file start32.cif (mmCIF, C-alpha atoms)
data_data
#
loop_
_atom_site.label_atom_id
_atom_site.label_comp_id
_atom_site.auth_asym_id
_atom_site.auth_seq_id
_atom_site.Cartn_x
_atom_site.Cartn_y
_atom_site.Cartn_z
CA MET F 1 97.23 83.12 96.82
CA LYS F 2 97.41 86.23 94.68
CA LYS F 3 95.67 84.58 91.73
CA LEU F 4 92.75 83.29 93.81
CA SER F 5 89.44 85.10 93.95
CA ALA F 6 88.61 86.99 97.14
CA GLU F 7 86.06 84.31 98.05
CA SER F 8 88.63 81.51 97.53
CA LYS F 9 91.17 83.35 99.70
CA LEU F 10 88.54 83.82 102.40
CA GLN F 11 87.63 80.13 102.43
CA ARG F 12 91.27 79.01 102.46
CA LEU F 13 92.20 81.33 105.34
CA LEU F 14 89.17 80.32 107.39
CA ARG F 15 90.13 76.65 106.97
CA ILE F 16 93.63 77.41 108.26
CA PHE F 17 92.21 79.38 111.19
CA GLU F 18 89.79 76.62 112.16
CA ARG F 19 92.31 73.82 111.67
CA THR F 20 95.10 75.45 113.72
CA GLY F 21 93.17 77.44 116.31
CA ASP F 22 89.65 78.25 117.33
CA ARG F 23 87.30 81.13 117.96
CA GLY F 24 87.76 83.21 121.06
CA ALA F 25 85.67 85.74 122.94
CA TYR F 26 87.05 88.55 120.76
CA THR F 27 88.53 86.72 117.77
CA ARG F 28 86.43 85.02 115.14
CA PRO F 29 85.57 84.94 111.46
CA PHE F 30 84.27 88.37 110.47
CA ALA F 31 80.84 87.01 109.51
CA GLU F 32 80.36 85.78 113.11
CA LEU F 33 81.03 89.14 114.76
CA PRO F 34 78.07 91.13 116.12
CA ALA F 35 76.48 93.29 113.40
CA ASP F 36 77.45 96.57 115.11
CA VAL F 37 81.12 95.49 115.22
CA GLN F 38 81.03 94.46 111.54
CA ILE F 39 79.58 97.86 110.58
CA ARG F 40 82.14 99.74 112.69
CA LEU F 41 85.06 97.85 111.15
CA MET F 42 83.76 98.20 107.59
CA GLU F 43 83.40 101.96 108.07
CA GLN F 44 86.83 102.42 109.69
CA VAL F 45 88.75 100.18 107.31
CA MET F 46 86.89 101.13 104.13
CA VAL F 47 87.03 97.61 102.73
CA ARG F 48 87.31 97.86 98.95
CA SER F 49 84.94 96.17 96.54
CA ASP F 50 87.64 93.66 95.51
CA GLU F 51 88.39 92.43 99.04
CA LEU F 52 86.52 90.62 101.79
CA PRO F 53 86.95 90.80 105.57
CA VAL F 54 88.13 87.42 106.91
CA ILE F 55 89.00 87.37 110.63
CA ALA F 56 88.98 90.02 113.33
CA CYS F 57 90.16 90.37 116.89
CA PHE F 58 87.97 93.15 118.28
CA ARG F 59 88.44 93.94 121.97
CA GLU F 60 87.17 97.50 121.90
CA PRO F 61 86.73 100.37 119.42
CA THR F 62 90.36 101.46 119.78
CA GLU F 63 91.99 97.99 119.95
CA TRP F 64 91.44 95.63 117.04
CA VAL F 65 93.03 93.74 114.17
CA LEU F 66 91.19 92.99 110.94
CA LEU F 67 92.47 90.61 108.29
CA THR F 68 90.98 91.01 104.82
CA THR F 69 91.73 89.13 101.62
CA GLU F 70 94.23 91.89 100.73
CA ARG F 71 95.68 93.37 103.93
CA VAL F 72 96.01 93.41 107.70
CA VAL F 73 94.66 96.52 109.42
CA ILE F 74 95.66 97.15 113.03
CA ARG F 75 94.27 99.77 115.36
CA GLN F 76 96.11 100.35 118.62
CA GLY F 77 94.84 103.46 120.38
CA GLN F 78 94.67 106.32 117.89
CA GLU F 79 97.12 104.71 115.45
CA VAL F 80 95.85 102.70 112.50
CA VAL F 81 98.36 100.73 110.42
CA THR F 82 97.57 99.03 107.13
CA LEU F 83 99.84 96.22 106.00
CA PRO F 84 99.17 94.91 102.47
CA TRP F 85 99.77 91.17 102.10
CA GLY F 86 102.69 91.73 99.72
CA GLU F 87 104.58 93.65 102.41
CA LEU F 88 104.29 90.89 105.03
CA LYS F 89 107.55 88.94 105.22
CA ASP F 90 106.84 87.04 108.44
CA ALA F 91 104.68 86.76 111.52
CA THR F 92 106.75 85.73 114.49
CA ALA F 93 107.08 86.06 118.24
CA ASP F 94 110.01 87.62 120.05
CA ILE F 95 112.14 84.78 121.42
CA ALA F 96 112.58 86.43 124.85
CA TYR F 97 108.80 86.81 125.10
CA VAL F 98 108.25 83.17 124.08
CA ASN F 99 110.79 81.99 126.65
CA ARG F 100 109.09 84.01 129.41
CA MET F 101 105.72 82.52 128.49
CA LEU F 102 107.09 78.96 128.36
CA ALA F 103 108.78 79.47 131.74
CA MET F 104 105.32 79.92 133.24
CA GLY F 105 104.76 76.19 132.88
CA PRO F 106 102.52 74.02 130.72
CA THR F 107 99.88 76.73 130.27
CA GLY F 108 102.41 79.44 129.44
CA LYS F 109 102.20 78.83 125.73
CA LEU F 110 98.45 79.47 125.82
CA ALA F 111 99.08 82.82 127.55
CA MET F 112 100.87 84.20 124.48
CA SER F 113 99.22 87.24 122.93
CA ARG F 114 101.93 89.23 121.12
CA LEU F 115 103.03 88.75 117.54
CA THR F 116 105.60 90.64 115.56
CA LEU F 117 104.70 91.33 111.94
CA VAL F 118 107.82 91.84 109.86
CA ARG F 119 107.74 93.78 106.59
CA HIS F 120 110.09 93.05 103.69
CA THR F 121 111.74 96.40 104.51
CA GLY F 122 112.76 94.95 107.89
CA GLU F 123 110.34 97.15 109.84
CA ALA F 124 108.62 95.23 112.64
CA LEU F 125 105.23 95.92 114.13
CA GLU F 126 104.06 94.32 117.36
CA VAL F 127 100.40 93.41 117.56
CA GLU F 128 98.37 92.25 120.55
CA LEU F 129 95.87 89.45 119.95
CA GLU F 130 93.58 87.43 122.16
CA VAL F 131 95.27 84.69 124.20
CA GLY F 132 94.43 81.05 123.64
CA PRO F 133 93.72 78.93 120.58
CA SER F 134 92.50 81.91 118.52
CA PHE F 135 95.99 83.44 118.86
CA PHE F 136 97.55 80.39 117.23
CA GLY F 137 94.91 80.24 114.52
CA PHE F 138 95.46 83.90 113.63
CA TRP F 139 99.25 83.43 113.76
CA ASN F 140 99.10 80.47 111.37
CA VAL F 141 96.91 82.42 108.95
CA LEU F 142 99.41 85.29 108.93
CA LYS F 143 102.35 82.91 108.47
CA SER F 144 100.51 81.30 105.54
CA ILE F 145 99.99 84.71 103.92
CA ALA F 146 103.66 85.62 104.38
CA ALA F 147 104.76 82.28 102.91
CA SER F 148 102.46 82.60 99.90
CA SER F 149 103.60 86.20 99.30
CA ALA F 150 107.24 85.04 99.37
CA LEU F 151 106.51 82.36 96.78
CA GLU F 152 104.75 84.81 94.50
CA THR F 153 107.66 87.26 94.52
CA LYS F 154 110.18 84.62 93.45
#

call {"tool": "encode", "arguments": {"input": "start32.cif", "output": "structure tokens"}}
result
Amino acid sequence: MKKLSAESKLQRLLRIFERTGDRGAYTRPFAELPADVQIRLMEQVMVRSDELPVIACFREPTEWVLLTTERVVIRQGQEVVTLPWGELKDATADIAYVNRMLAMGPTGKLAMSRLTLVRHTGEALEVELEVGPSFFGFWNVLKSIAASSALETK
């Protein structure tokens, strides 16, 4: 995806999100967020002129994840972590966590909210997203980015 324009990346990622998940109460395409949330995120993330915001999970001012056409920015409490696409090796879920969720019964899978983002360095970062279909849409978008980054580095 590296060679695509920012607008092409945005459209491709939104198609993946919509095809594999759905909007949630807190998670949606950036353009569909309330204007005050968009402004807050743009100010905090300082989106560059060569990138576009794509999808965000915004629960509150200190708990959010923003995906742009160049990076993933995560705010958990006072900590803000920026993960450029090229550093993302995988987006996965801890197997013990998945097993606990599946043990809850048929709806357990839809109760999943935690992803682990793995860097090429091996460092792992756990991120909390909204439960439900938007979780799976966001996860598939991140997996797609990691897969495309792996292809581009070969």

call {"tool": "residues_around", "arguments": {"input": "start32.cif", "residues": "stretch 60-64 of chain F", "least_positions_apart": "3", "cutoff": "12 Å", "atoms": "all atoms listed in the file", "output": "VMD selection string"}}
result
chain F and resid 25 to 28 36 to 41 43 to 45 55 to 57 67 72 to 81 127 to 130

call {"tool": "write_last_selection", "arguments": {"input": "start32.cif", "atoms": "C-alpha atoms", "output": "mmCIF file, in the coordinates of the input"}}
result
data_model
loop_
_atom_site.group_PDB
_atom_site.id
_atom_site.type_symbol
_atom_site.label_atom_id
_atom_site.label_comp_id
_atom_site.auth_asym_id
_atom_site.auth_seq_id
_atom_site.Cartn_x
_atom_site.Cartn_y
_atom_site.Cartn_z
ATOM 1 C CA ALA F 25 85.670 85.740 122.940
ATOM 2 C CA TYR F 26 87.050 88.550 120.760
ATOM 3 C CA THR F 27 88.530 86.720 117.770
ATOM 4 C CA ARG F 28 86.430 85.020 115.140
ATOM 5 C CA ASP F 36 77.450 96.570 115.110
ATOM 6 C CA VAL F 37 81.120 95.490 115.220
ATOM 7 C CA GLN F 38 81.030 94.460 111.540
ATOM 8 C CA ILE F 39 79.580 97.860 110.580
ATOM 9 C CA ARG F 40 82.140 99.740 112.690
ATOM 10 C CA LEU F 41 85.060 97.850 111.150
ATOM 11 C CA GLU F 43 83.400 101.960 108.070
ATOM 12 C CA GLN F 44 86.830 102.420 109.690
ATOM 13 C CA VAL F 45 88.750 100.180 107.310
ATOM 14 C CA ILE F 55 89.000 87.370 110.630
ATOM 15 C CA ALA F 56 88.980 90.020 113.330
ATOM 16 C CA CYS F 57 90.160 90.370 116.890
ATOM 17 C CA LEU F 67 92.470 90.610 108.290
ATOM 18 C CA VAL F 72 96.010 93.410 107.700
ATOM 19 C CA VAL F 73 94.660 96.520 109.420
ATOM 20 C CA ILE F 74 95.660 97.150 113.030
ATOM 21 C CA ARG F 75 94.270 99.770 115.360
ATOM 22 C CA GLN F 76 96.110 100.350 118.620
ATOM 23 C CA GLY F 77 94.840 103.460 120.380
ATOM 24 C CA GLN F 78 94.670 106.320 117.890
ATOM 25 C CA GLU F 79 97.120 104.710 115.450
ATOM 26 C CA VAL F 80 95.850 102.700 112.500
ATOM 27 C CA VAL F 81 98.360 100.730 110.420
ATOM 28 C CA VAL F 127 100.400 93.410 117.560
ATOM 29 C CA GLU F 128 98.370 92.250 120.550
ATOM 30 C CA LEU F 129 95.870 89.450 119.950
ATOM 31 C CA GLU F 130 93.580 87.430 122.160
#

call {"tool": "resolve_selection", "arguments": {"input": "start32.cif", "expression": "the PyMOL selection byres ((chain F and resi 18) around 12)", "output": "ChimeraX atom specification"}}
result
/F:11-17,19-24,27-29,55,133-141

call {"tool": "write_last_selection", "arguments": {"input": "start32.cif", "atoms": "C-alpha atoms", "output": "tab-separated table (two decimals), in the frame of the given file"}}
result
chain	number	residue	atom	x	y	z
F	11	GLN	CA	87.63	80.13	102.43
F	12	ARG	CA	91.27	79.01	102.46
F	13	LEU	CA	92.20	81.33	105.34
F	14	LEU	CA	89.17	80.32	107.39
F	15	ARG	CA	90.13	76.65	106.97
F	16	ILE	CA	93.63	77.41	108.26
F	17	PHE	CA	92.21	79.38	111.19
F	19	ARG	CA	92.31	73.82	111.67
F	20	THR	CA	95.10	75.45	113.72
F	21	GLY	CA	93.17	77.44	116.31
F	22	ASP	CA	89.65	78.25	117.33
F	23	ARG	CA	87.30	81.13	117.96
F	24	GLY	CA	87.76	83.21	121.06
F	27	THR	CA	88.53	86.72	117.77
F	28	ARG	CA	86.43	85.02	115.14
F	29	PRO	CA	85.57	84.94	111.46
F	55	ILE	CA	89.00	87.37	110.63
F	133	PRO	CA	93.72	78.93	120.58
F	134	SER	CA	92.50	81.91	118.52
F	135	PHE	CA	95.99	83.44	118.86
F	136	PHE	CA	97.55	80.39	117.23
F	137	GLY	CA	94.91	80.24	114.52
F	138	PHE	CA	95.46	83.90	113.63
F	139	TRP	CA	99.25	83.43	113.76
F	140	ASN	CA	99.10	80.47	111.37
F	141	VAL	CA	96.91	82.42	108.95

call {"tool": "axis_aligned_box", "arguments": {"input": "start32.cif", "around": "stretch 126-137 of chain F", "padding_each_side": "6 Å", "output": "JSON"}}
result
{"center_x": 98.3, "center_y": 86.6, "center_z": 119.4, "size_x": 23.6, "size_y": 27.4, "size_z": 21.7}

call {"tool": "atom_distance", "arguments": {"input": "start32.cif", "atom1": "atom CA of F:Thr116", "atom2": "atom CA of F:Asp94"}}
result
7.0 Å

call {"tool": "atom_distance", "arguments": {"input": "start32.cif", "atom1": "atom CA of F:Arg48", "atom2": "atom CA of F:Thr82"}}
result
13.2 Å

call {"tool": "resolve_selection", "arguments": {"input": "start32.cif", "expression": "the PyMOL selection byres ((chain F and resi 52) around 8)", "output": "ChimeraX atom specification"}}
result
/F:6-7,10,47-51,53-54,68-70

call {"tool": "atom_distance", "arguments": {"input": "start32.cif", "atom1": "atom CA of F:Ala93", "atom2": "atom CA of F:Ala147"}}
result
16.0 Å

call {"tool": "residues_around", "arguments": {"input": "start32.cif", "residues": "F:Ala111", "least_positions_apart": "2", "cutoff": "7 Å", "atoms": "only C-alpha atoms", "output": "list in words"}}
result
Met101, Thr107, Gly108, Lys109, Ser113, Val131 and Gly132 of chain F
